[in-house]
Amino acid sequence: MNRRSAAWLFLTPAMLVLGIFFLLPVLAGFGLSLTDYDLYALADIHNLRFVGLHNYWELLHRPLFWAALGHTLYFVIVGVPLSIMVSLGAALLLNSPLTRFKPFFRTALFAPVVTTVVAVAVIWRYLFNTKYGIVNFVLAHAGLHPIDWLGDPHWAMPMIILFAVWKNFGYNMIILLAGLQAIPLDLYEAARIDGATDLRQFRHITLPMLGPTLLLVGILTVSGYFQLFAEPYVITEGGPLQSTVSVLYLMYDQGFTWWNLGMASAVAFLLFLIMFAVTALMWRTGESSGKPA
Amino acid sequence: MRIGRSMAIAVGAILLLAGCASRRDDRLTLEFWTIGREGEAVTKLLPQFESEHPDIRVVVQQIPLKAAHQKLLTAYAGGSMPDITQLGNTWIPELAALHALEPLQQRVDRSQDIRESDYFQNIWATNRIDGVLYGIPWYVDTRLLFYRVDLLRQAGFDAPPQDWAQWQRQMDAIRAKSGGKRRGVLLPTNEYEQLQSLALQQPDPMLRDGGRYGNFESAGFKRALVFYVGLFKRGDAPPLTNVQVSNPWDEFGRGAFVFYLSGPWNIGEFRKRLPATQQADWSTAPLPGPSGPGASNAGGSSLVILRSSQHKDAAWKLIEFLSRPTMQRRFYELLGDLPPRRSAWDNKVLKDDPKLHAFREQLERVKPTPLVPEWEQIATEMQQIAARAIAGQLTVDQAAAQIDARTDVILAKRRWVMERQGDPGQ
């Protein structure tokens, strides 16, 4: 047995698992998206029609799809940088030699990640209640007008973003903390001897050394945030005026509420393509900008 | 040695268990799914059924309302349906389209207990799809007005409104008296039932040509939509979703609004949640119509037998048992669910309850929503578009045209299937 076939032999189990649990469902999903599988087809398979790209055509002509895509992009573009900045800030604070009670803070900051979305969402709905919520109470004391968080289409998404950032930043914080701890301390020592300020140390040592970790965290977060669903589902139910309907929410509605599985598969496939393109682009730019350094 | 002994114990235990199981198995097991709160109450009625029918054992599975629709369709796809289930009557067309339900007319014809004439006519009608009877009404649900008697009197009115014009005058007075602080009515903008009820009061049906196309640009629907949107425009109804009003009962008690368009379950809620001193301050009234008392929706749940069931006769016995007027009254006492049979209403508990009078009256004036599988999706999208009209993004004409356009897209497959089957429709 030569090296080549040995390599293939070792790869086979992984390829099999990937093929059965990833490639096959993706292909089946694509196949389904070319049909009009729905309630009538479930009743009688003769009611199933092959419709080619009609589902995609209909989707691209539906304002709600574009609105949902817009809401999702809004969530990703604002939410991901915000989330990573908060994670990085928390990780830096936790990594600082001045911080006391580190294990306590580490646990406390990580706690939102392990809470249940539904339970926490109920509390957030109360916090952000327009009339009785504590958030508007605080705003009023600061002399600001109360905000109709759940009722104003312009404010519902920012609230969802705040919720998602709070809920998720702990996870990235732990990864970034590990990255920070891996940076050799003598680099900072040398920089201090050269008279570098804290800010310059951060820019020229911490950030470049953290580069690969940040890229990983970025890609994970982007692909996670593209799949926005649970937050609007439990907090706003897609409202007000459908301003928090995301692409995945649209898919859920089509597929599991109305049982239009053909259409839902088309939505899922479009989302897959978009996510694939975005993360591939991130990977490319991340790699090429990482090389010269 | 030790392994051998524990093996022997295990084998013995299995034999023992098998013995137990086989002894219980000579009774026939009926699987019964319930949706929402009904499951808990029905378990209190079942011991009597099981003692009357010692050969039948009923296993109740309670399904939460939010998961029910999905669970039913998944169970159908997976071939794991129960023998008998509770089914919201707006879901009957969907399961009938799947050929999942057993036709019941012959059993009704032979039955001593279940007589069609005793049931509220239009509630019964929701169970008949294309002429075939698929369900027996279990309890009814319709939307009408809950109102604050004291606040209405303060505004100068002794009786609840009979028609839209009176209703509007009362709300105008309430608005004027309170300087706009007190609202006339609460209509959560993400619930379609309220607009649906106003639309059902119109002579024009919401779908036309046997449920092939939308009919939302009809004069009737536009009249309902103008009235509905107008309530928000004039400030009579606050443009809030039910996500924002997390506790409508408290708000009603505080007098934030005078009318609340809602269903029978809120009788129990208001009795429970408002203090005893306030119980005389609220009442119910039939839904006012465009000219005189109007119709409302014929909602509720039915009992259906699944076509896949092996125990249809036993399932029918359970339906007959639960349909007895005495059982329906006990069901009302346990849960507050209103009986669908007139004879069940002929007794003190229901007759002498002043808060129920409006429901008894309204039930003679209910109308089914269009009996097509897609109705819930159409109604949901109707409401989403209506909410944009409330927000001022669309005029009433634009909204009606959009609802029609979306409805025609949603019904496209239905049209194709009907054409293929050569079905002339209803």
# chains A, B, ... in the order shown; residues from 1 in each chain; ligands from 1
>>> closest_atom_pairs(of="chain B", to="chain A", cutoff="10 Å", atoms="only C-alpha atoms", output="Markdown table")
| residue | atom | partner | partner_atom | distance |
| --- | --- | --- | --- | --- |
| B:Ala67 | CA | A:Thr257 | CA | 9.8 |
| B:His69 | CA | A:Thr257 | CA | 7.7 |
| B:Gln70 | CA | A:Phe256 | CA | 6.5 |
| B:Lys71 | CA | A:Phe256 | CA | 9.9 |
| B:Leu73 | CA | A:Trp259 | CA | 8.4 |
| B:Thr74 | CA | A:Phe256 | CA | 9.4 |
| B:Tyr76 | CA | A:Leu42 | CA | 8.9 |
| B:Ala77 | CA | A:Leu42 | CA | 7.1 |
| B:Glu94 | CA | A:Leu39 | CA | 7.9 |
| B:Leu95 | CA | A:Ala43 | CA | 9.0 |
| B:Ala96 | CA | A:Ala43 | CA | 9.4 |
| B:Ala97 | CA | A:Ala43 | CA | 6.9 |
| B:Leu98 | CA | A:Ala43 | CA | 4.3 |
| B:His99 | CA | A:Ala43 | CA | 6.7 |
| B:Ala100 | CA | A:Ala43 | CA | 8.4 |
| B:Thr189 | CA | A:Pro240 | CA | 8.8 |
| B:Asn190 | CA | A:Gly239 | CA | 7.9 |
| B:Pro239 | CA | A:Gly151 | CA | 8.4 |
| B:Leu240 | CA | A:Gly151 | CA | 6.6 |
| B:Thr241 | CA | A:Gly151 | CA | 7.2 |
| B:Asn242 | CA | A:Thr236 | CA | 9.6 |
| B:Val243 | CA | A:Thr236 | CA | 6.5 |
| B:Gln244 | CA | A:Leu150 | CA | 6.2 |
| B:Val245 | CA | A:Asn129 | CA | 8.5 |
| B:Ser246 | CA | A:Tyr126 | CA | 8.3 |
| B:Pro373 | CA | A:Leu39 | CA | 8.6 |
| B:Glu374 | CA | A:Trp258 | CA | 8.0 |
| B:Glu376 | CA | A:Trp258 | CA | 8.7 |
| B:Gln377 | CA | A:Trp258 | CA | 6.8 |
| B:Gln383 | CA | A:Leu241 | CA | 9.9 |
| B:Gln384 | CA | A:Leu241 | CA | 6.8 |
| B:Ile385 | CA | A:Leu241 | CA | 8.5 |
| B:Ala386 | CA | A:Leu241 | CA | 9.7 |
| B:Ala387 | CA | A:Leu241 | CA | 6.6 |
| B:Arg388 | CA | A:Leu241 | CA | 6.5 |
| B:Ile390 | CA | A:Leu241 | CA | 9.9 |
| B:Ala391 | CA | A:Leu241 | CA | 8.4 |
| B:Arg406 | CA | A:Arg62 | CA | 9.9 |
| B:Val409 | CA | A:Glu58 | CA | 9.7 |
| B:Lys413 | CA | A:Tyr40 | CA | 8.1 |
| B:Arg414 | CA | A:Tyr40 | CA | 8.1 |
| B:Trp416 | CA | A:Asn47 | CA | 9.0 |
| B:Val417 | CA | A:Asn47 | CA | 7.0 |
| B:Arg420 | CA | A:Asn47 | CA | 9.1 |
>>> write_last_selection(atoms="C-alpha atoms", output="compact mmCIF listing (two decimals), in the first residue's frame")
# COMPACT_ATOMS: atom_id res chain seq x y z
CA ALA B 67 -46.29 23.23 19.01
CA HIS B 69 -49.81 22.45 14.39
CA GLN B 70 -46.27 21.37 13.65
CA LYS B 71 -46.62 18.21 15.73
CA LEU B 73 -48.26 17.59 10.48
CA THR B 74 -45.03 15.88 11.52
CA TYR B 76 -48.92 12.69 9.79
CA ALA B 77 -45.71 12.66 7.72
CA GLU B 94 -55.79 21.31 6.35
CA LEU B 95 -55.97 17.80 7.79
CA ALA B 96 -58.92 17.03 5.55
CA ALA B 97 -56.76 17.99 2.56
CA LEU B 98 -54.23 15.45 3.82
CA HIS B 99 -56.98 12.78 3.89
CA ALA B 100 -56.00 12.26 7.52
CA THR B 189 -52.03 44.90 15.87
CA ASN B 190 -50.40 41.49 15.45
CA PRO B 239 -51.22 50.79 17.86
CA LEU B 240 -49.68 48.15 20.13
CA THR B 241 -48.83 44.51 19.55
CA ASN B 242 -49.57 41.88 22.16
CA VAL B 243 -45.82 41.70 22.80
CA GLN B 244 -45.99 45.25 24.12
CA VAL B 245 -49.11 44.80 26.22
CA SER B 246 -47.80 42.04 28.43
CA PRO B 373 -56.20 24.83 4.26
CA GLU B 374 -54.33 28.06 3.57
CA GLU B 376 -54.38 30.79 8.60
CA GLN B 377 -51.52 31.91 6.38
CA GLN B 383 -52.98 41.27 9.33
CA GLN B 384 -49.34 42.06 8.48
CA ILE B 385 -50.49 44.22 5.58
CA ALA B 386 -53.27 45.79 7.66
CA ALA B 387 -50.66 46.68 10.32
CA ARG B 388 -48.78 48.63 7.65
CA ILE B 390 -52.32 51.32 10.53
CA ALA B 391 -48.75 52.64 10.54
CA ARG B 406 -50.58 37.79 -1.75
CA VAL B 409 -50.05 33.68 -4.78
CA LYS B 413 -51.24 25.56 -5.70
CA ARG B 414 -54.82 25.04 -4.51
CA TRP B 416 -53.83 23.86 -9.68
CA VAL B 417 -54.84 20.90 -7.50
CA ARG B 420 -56.35 18.70 -11.77
>>> residues_around(residues="A:Tyr56", least_positions_apart="3", cutoff="8 Å", atoms="only C-alpha atoms", output="ChimeraX atom specification")
/A:53,59-60,263,266-267
>>> write_last_selection(atoms="C-alpha atoms", output="PDB file, in the first residue's frame")
ATOM      1  CA  LEU A  53     -35.739  27.822 -10.248  1.00  0.00           C
ATOM      2  CA  LEU A  59     -38.301  34.835  -3.595  1.00  0.00           C
ATOM      3  CA  LEU A  60     -36.198  37.421  -5.411  1.00  0.00           C
ATOM      4  CA  MET A 263     -39.847  27.397  -0.768  1.00  0.00           C
ATOM      5  CA  ALA A 266     -34.831  27.738  -1.476  1.00  0.00           C
ATOM      6  CA  VAL A 267     -34.520  30.306   1.331  1.00  0.00           C
TER       7      VAL A 267
END
>>> atom_distance(atom1="atom CA of A:Gln181", atom2="atom CA of A:Thr197")
19.8 Å
>>> residues_around(residues="A:Leu82", least_positions_apart="2", cutoff="12 Å", atoms="only C-alpha atoms", output="list in words")
Phe75, Val76, Ile77, Val78, Gly79, Val80, Ile84, Met85, Val86, Ser87, Leu88, Gly89, Pro158, Ile161, Leu162, Phe163, Ala164, Val165, Trp166, Asn168, Phe169, Asn172, Gly218, Thr221, Val222 and Tyr225 of chain A
>>> closest_residue(among="A:Leu69, A:Ile183, A:Ala280, A:Ile175", to="A:Leu214", atoms="only C-alpha atoms")
A:Ile175
>>> select_by_dssp(residues="stretch 32-169 of chain B", states="helix (DSSP H, G or I)", output="PDB file with C-alpha atoms, in the first residue's frame")
ATOM      1  CA  GLU B  38     -57.932  20.992  27.772  1.00  0.00           C
ATOM      2  CA  GLY B  39     -55.643  18.036  28.429  1.00  0.00           C
ATOM      3  CA  GLU B  40     -55.489  18.532  32.151  1.00  0.00           C
ATOM      4  CA  ALA B  41     -59.234  18.991  32.570  1.00  0.00           C
ATOM      5  CA  VAL B  42     -60.188  16.034  30.423  1.00  0.00           C
ATOM      6  CA  THR B  43     -58.197  13.630  32.584  1.00  0.00           C
ATOM      7  CA  LYS B  44     -60.720  14.384  35.341  1.00  0.00           C
ATOM      8  CA  LEU B  45     -63.609  13.216  33.133  1.00  0.00           C
ATOM      9  CA  LEU B  46     -61.931  10.093  31.806  1.00  0.00           C
ATOM     10  CA  PRO B  47     -62.181   7.814  34.897  1.00  0.00           C
ATOM     11  CA  GLN B  48     -65.947   7.774  34.404  1.00  0.00           C
ATOM     12  CA  PHE B  49     -65.538   6.837  30.753  1.00  0.00           C
ATOM     13  CA  GLU B  50     -63.139   4.052  31.642  1.00  0.00           C
ATOM     14  CA  SER B  51     -65.497   2.663  34.274  1.00  0.00           C
ATOM     15  CA  GLU B  52     -68.363   2.709  31.755  1.00  0.00           C
ATOM     16  CA  LEU B  65     -50.787  25.057  21.619  1.00  0.00           C
ATOM     17  CA  LYS B  66     -47.733  26.619  19.980  1.00  0.00           C
ATOM     18  CA  ALA B  67     -46.289  23.234  19.011  1.00  0.00           C
ATOM     19  CA  ALA B  68     -49.568  21.566  18.062  1.00  0.00           C
ATOM     20  CA  HIS B  69     -49.810  22.446  14.386  1.00  0.00           C
ATOM     21  CA  GLN B  70     -46.267  21.366  13.648  1.00  0.00           C
ATOM     22  CA  LYS B  71     -46.624  18.211  15.729  1.00  0.00           C
ATOM     23  CA  LEU B  72     -49.791  17.142  13.918  1.00  0.00           C
ATOM     24  CA  LEU B  73     -48.260  17.585  10.480  1.00  0.00           C
ATOM     25  CA  THR B  74     -45.029  15.879  11.519  1.00  0.00           C
ATOM     26  CA  ALA B  75     -46.982  12.997  13.016  1.00  0.00           C
ATOM     27  CA  TYR B  76     -48.919  12.686   9.787  1.00  0.00           C
ATOM     28  CA  ALA B  77     -45.712  12.656   7.725  1.00  0.00           C
ATOM     29  CA  GLY B  78     -44.208  10.098  10.091  1.00  0.00           C
ATOM     30  CA  ILE B  92     -59.792  20.871   9.901  1.00  0.00           C
ATOM     31  CA  PRO B  93     -59.522  21.910   6.213  1.00  0.00           C
ATOM     32  CA  GLU B  94     -55.787  21.306   6.354  1.00  0.00           C
ATOM     33  CA  LEU B  95     -55.971  17.800   7.794  1.00  0.00           C
ATOM     34  CA  ALA B  96     -58.918  17.026   5.552  1.00  0.00           C
ATOM     35  CA  ALA B  97     -56.758  17.989   2.565  1.00  0.00           C
ATOM     36  CA  GLN B 105     -71.668  11.503   9.010  1.00  0.00           C
ATOM     37  CA  GLN B 106     -72.730   7.839   9.134  1.00  0.00           C
ATOM     38  CA  ARG B 107     -71.805   7.539  12.784  1.00  0.00           C
ATOM     39  CA  VAL B 108     -73.757  10.709  13.573  1.00  0.00           C
ATOM     40  CA  ASP B 109     -76.800   9.334  11.729  1.00  0.00           C
ATOM     41  CA  ARG B 110     -76.719   6.207  13.904  1.00  0.00           C
ATOM     42  CA  GLU B 116     -76.820  17.999  14.567  1.00  0.00           C
ATOM     43  CA  SER B 117     -79.858  20.194  15.309  1.00  0.00           C
ATOM     44  CA  ASP B 118     -78.753  20.644  18.924  1.00  0.00           C
ATOM     45  CA  GLN B 121     -75.438  25.716  13.200  1.00  0.00           C
ATOM     46  CA  ASN B 122     -72.376  27.591  11.989  1.00  0.00           C
ATOM     47  CA  ILE B 123     -70.099  25.951  14.520  1.00  0.00           C
ATOM     48  CA  TRP B 124     -71.178  22.596  13.106  1.00  0.00           C
ATOM     49  CA  ALA B 125     -70.604  23.967   9.592  1.00  0.00           C
ATOM     50  CA  VAL B 149     -69.623  49.196  32.643  1.00  0.00           C
ATOM     51  CA  ASP B 150     -68.598  51.971  35.066  1.00  0.00           C
ATOM     52  CA  LEU B 151     -66.398  53.846  32.601  1.00  0.00           C
ATOM     53  CA  LEU B 152     -69.015  53.630  29.869  1.00  0.00           C
ATOM     54  CA  ARG B 153     -71.592  55.061  32.291  1.00  0.00           C
ATOM     55  CA  GLN B 154     -69.194  57.878  33.176  1.00  0.00           C
ATOM     56  CA  TRP B 164     -70.573  50.550  14.579  1.00  0.00           C
ATOM     57  CA  ALA B 165     -72.016  54.060  14.628  1.00  0.00           C
ATOM     58  CA  GLN B 166     -73.075  53.753  18.280  1.00  0.00           C
ATOM     59  CA  TRP B 167     -69.750  52.191  19.144  1.00  0.00           C
ATOM     60  CA  GLN B 168     -67.925  55.049  17.467  1.00  0.00           C
ATOM     61  CA  ARG B 169     -70.051  57.644  19.322  1.00  0.00           C
TER      62      ARG B 169
END
>>> select_by_dssp(residues="stretch 99-332 of chain B", states="strand (DSSP E)", output="PyMOL selection string")
chain B and resi 128-129+132-133+136-141+144-148+183-186+207-208+213-214+257-262+282-285+288-289+292-293+296-297+299-305
>>> closest_residue(among="B:Ser291, B:Gln421, B:Ser197, B:Ser283", to="B:Pro368", atoms="only C-alpha atoms")
B:Ser197
>>> residues_around(residues="stretch 257-268 of chain B", least_positions_apart="6", cutoff="6 Å", atoms="only C-alpha atoms", output="number ranges by chain")
B: 142-148, 182-186
>>> write_last_selection(atoms="C-alpha atoms", output="mmCIF file, in the first residue's frame")
data_model
loop_
_atom_site.group_PDB
_atom_site.id
_atom_site.type_symbol
_atom_site.label_atom_id
_atom_site.label_comp_id
_atom_site.auth_asym_id
_atom_site.auth_seq_id
_atom_site.Cartn_x
_atom_site.Cartn_y
_atom_site.Cartn_z
ATOM 1 C CA THR B 142 -65.922 33.496 19.415
ATOM 2 C CA ARG B 143 -64.726 37.063 19.797
ATOM 3 C CA LEU B 144 -66.858 39.802 21.261
ATOM 4 C CA LEU B 145 -66.627 42.881 23.455
ATOM 5 C CA PHE B 146 -65.511 42.934 27.062
ATOM 6 C CA TYR B 147 -66.227 46.388 28.423
ATOM 7 C CA ARG B 148 -66.050 48.521 31.542
ATOM 8 C CA ARG B 182 -58.200 56.760 27.994
ATOM 9 C CA ARG B 183 -58.420 54.629 24.879
ATOM 10 C CA GLY B 184 -61.639 53.248 23.451
ATOM 11 C CA VAL B 185 -60.568 49.732 22.593
ATOM 12 C CA LEU B 186 -57.558 47.409 22.690
#
>>> decode(residues="stretch 50-101 of chain A", atoms="C-alpha atoms", output="PDB file, in the first residue's frame")
ATOM      1  CA  PHE A  50     -40.675  20.108 -10.458  1.00  0.00           C
ATOM      2  CA  VAL A  51     -40.554  23.868 -10.803  1.00  0.00           C
ATOM      3  CA  GLY A  52     -36.896  24.516 -11.609  1.00  0.00           C
ATOM      4  CA  LEU A  53     -35.739  27.822 -10.248  1.00  0.00           C
ATOM      5  CA  HIS A  54     -39.259  29.182  -9.786  1.00  0.00           C
ATOM      6  CA  ASN A  55     -38.975  29.270  -5.976  1.00  0.00           C
ATOM      7  CA  TYR A  56     -35.836  31.376  -6.255  1.00  0.00           C
ATOM      8  CA  TRP A  57     -37.465  33.617  -8.849  1.00  0.00           C
ATOM      9  CA  GLU A  58     -40.494  34.155  -6.623  1.00  0.00           C
ATOM     10  CA  LEU A  59     -38.301  34.835  -3.595  1.00  0.00           C
ATOM     11  CA  LEU A  60     -36.198  37.421  -5.411  1.00  0.00           C
ATOM     12  CA  HIS A  61     -39.410  39.198  -6.371  1.00  0.00           C
ATOM     13  CA  ARG A  62     -40.820  39.202  -2.871  1.00  0.00           C
ATOM     14  CA  PRO A  63     -40.179  42.417  -0.928  1.00  0.00           C
ATOM     15  CA  LEU A  64     -40.267  40.509   2.359  1.00  0.00           C
ATOM     16  CA  PHE A  65     -37.246  38.427   1.346  1.00  0.00           C
ATOM     17  CA  TRP A  66     -35.188  41.525   0.612  1.00  0.00           C
ATOM     18  CA  ALA A  67     -36.397  43.120   3.820  1.00  0.00           C
ATOM     19  CA  ALA A  68     -35.413  39.992   5.759  1.00  0.00           C
ATOM     20  CA  LEU A  69     -32.005  39.965   4.081  1.00  0.00           C
ATOM     21  CA  GLY A  70     -31.592  43.649   4.940  1.00  0.00           C
ATOM     22  CA  HIS A  71     -32.471  43.008   8.587  1.00  0.00           C
ATOM     23  CA  THR A  72     -30.054  40.091   8.734  1.00  0.00           C
ATOM     24  CA  LEU A  73     -27.207  42.127   7.185  1.00  0.00           C
ATOM     25  CA  TYR A  74     -27.964  44.989   9.575  1.00  0.00           C
ATOM     26  CA  PHE A  75     -27.740  42.534  12.451  1.00  0.00           C
ATOM     27  CA  VAL A  76     -24.456  41.066  11.179  1.00  0.00           C
ATOM     28  CA  ILE A  77     -22.773  44.356  10.233  1.00  0.00           C
ATOM     29  CA  VAL A  78     -23.597  46.087  13.512  1.00  0.00           C
ATOM     30  CA  GLY A  79     -23.750  43.086  15.784  1.00  0.00           C
ATOM     31  CA  VAL A  80     -20.532  41.249  14.879  1.00  0.00           C
ATOM     32  CA  PRO A  81     -18.031  44.132  15.378  1.00  0.00           C
ATOM     33  CA  LEU A  82     -19.884  45.219  18.503  1.00  0.00           C
ATOM     34  CA  SER A  83     -19.876  41.709  19.886  1.00  0.00           C
ATOM     35  CA  ILE A  84     -16.172  41.172  19.172  1.00  0.00           C
ATOM     36  CA  MET A  85     -15.243  44.548  20.643  1.00  0.00           C
ATOM     37  CA  VAL A  86     -17.141  43.780  23.833  1.00  0.00           C
ATOM     38  CA  SER A  87     -15.552  40.323  24.000  1.00  0.00           C
ATOM     39  CA  LEU A  88     -12.094  41.766  23.430  1.00  0.00           C
ATOM     40  CA  GLY A  89     -12.650  44.481  26.021  1.00  0.00           C
ATOM     41  CA  ALA A  90     -13.818  41.969  28.594  1.00  0.00           C
ATOM     42  CA  ALA A  91     -10.923  39.630  27.769  1.00  0.00           C
ATOM     43  CA  LEU A  92      -8.398  42.490  28.149  1.00  0.00           C
ATOM     44  CA  LEU A  93      -9.876  43.451  31.507  1.00  0.00           C
ATOM     45  CA  LEU A  94      -9.802  39.854  32.684  1.00  0.00           C
ATOM     46  CA  ASN A  95      -6.218  39.478  31.481  1.00  0.00           C
ATOM     47  CA  SER A  96      -5.015  42.626  33.211  1.00  0.00           C
ATOM     48  CA  PRO A  97      -2.694  41.955  36.136  1.00  0.00           C
ATOM     49  CA  LEU A  98      -4.646  44.562  38.137  1.00  0.00           C
ATOM     50  CA  THR A  99      -7.898  42.595  38.083  1.00  0.00           C
ATOM     51  CA  ARG A 100      -8.971  40.965  41.345  1.00  0.00           C
ATOM     52  CA  PHE A 101     -11.333  37.980  41.739  1.00  0.00           C
TER      53      PHE A 101
END
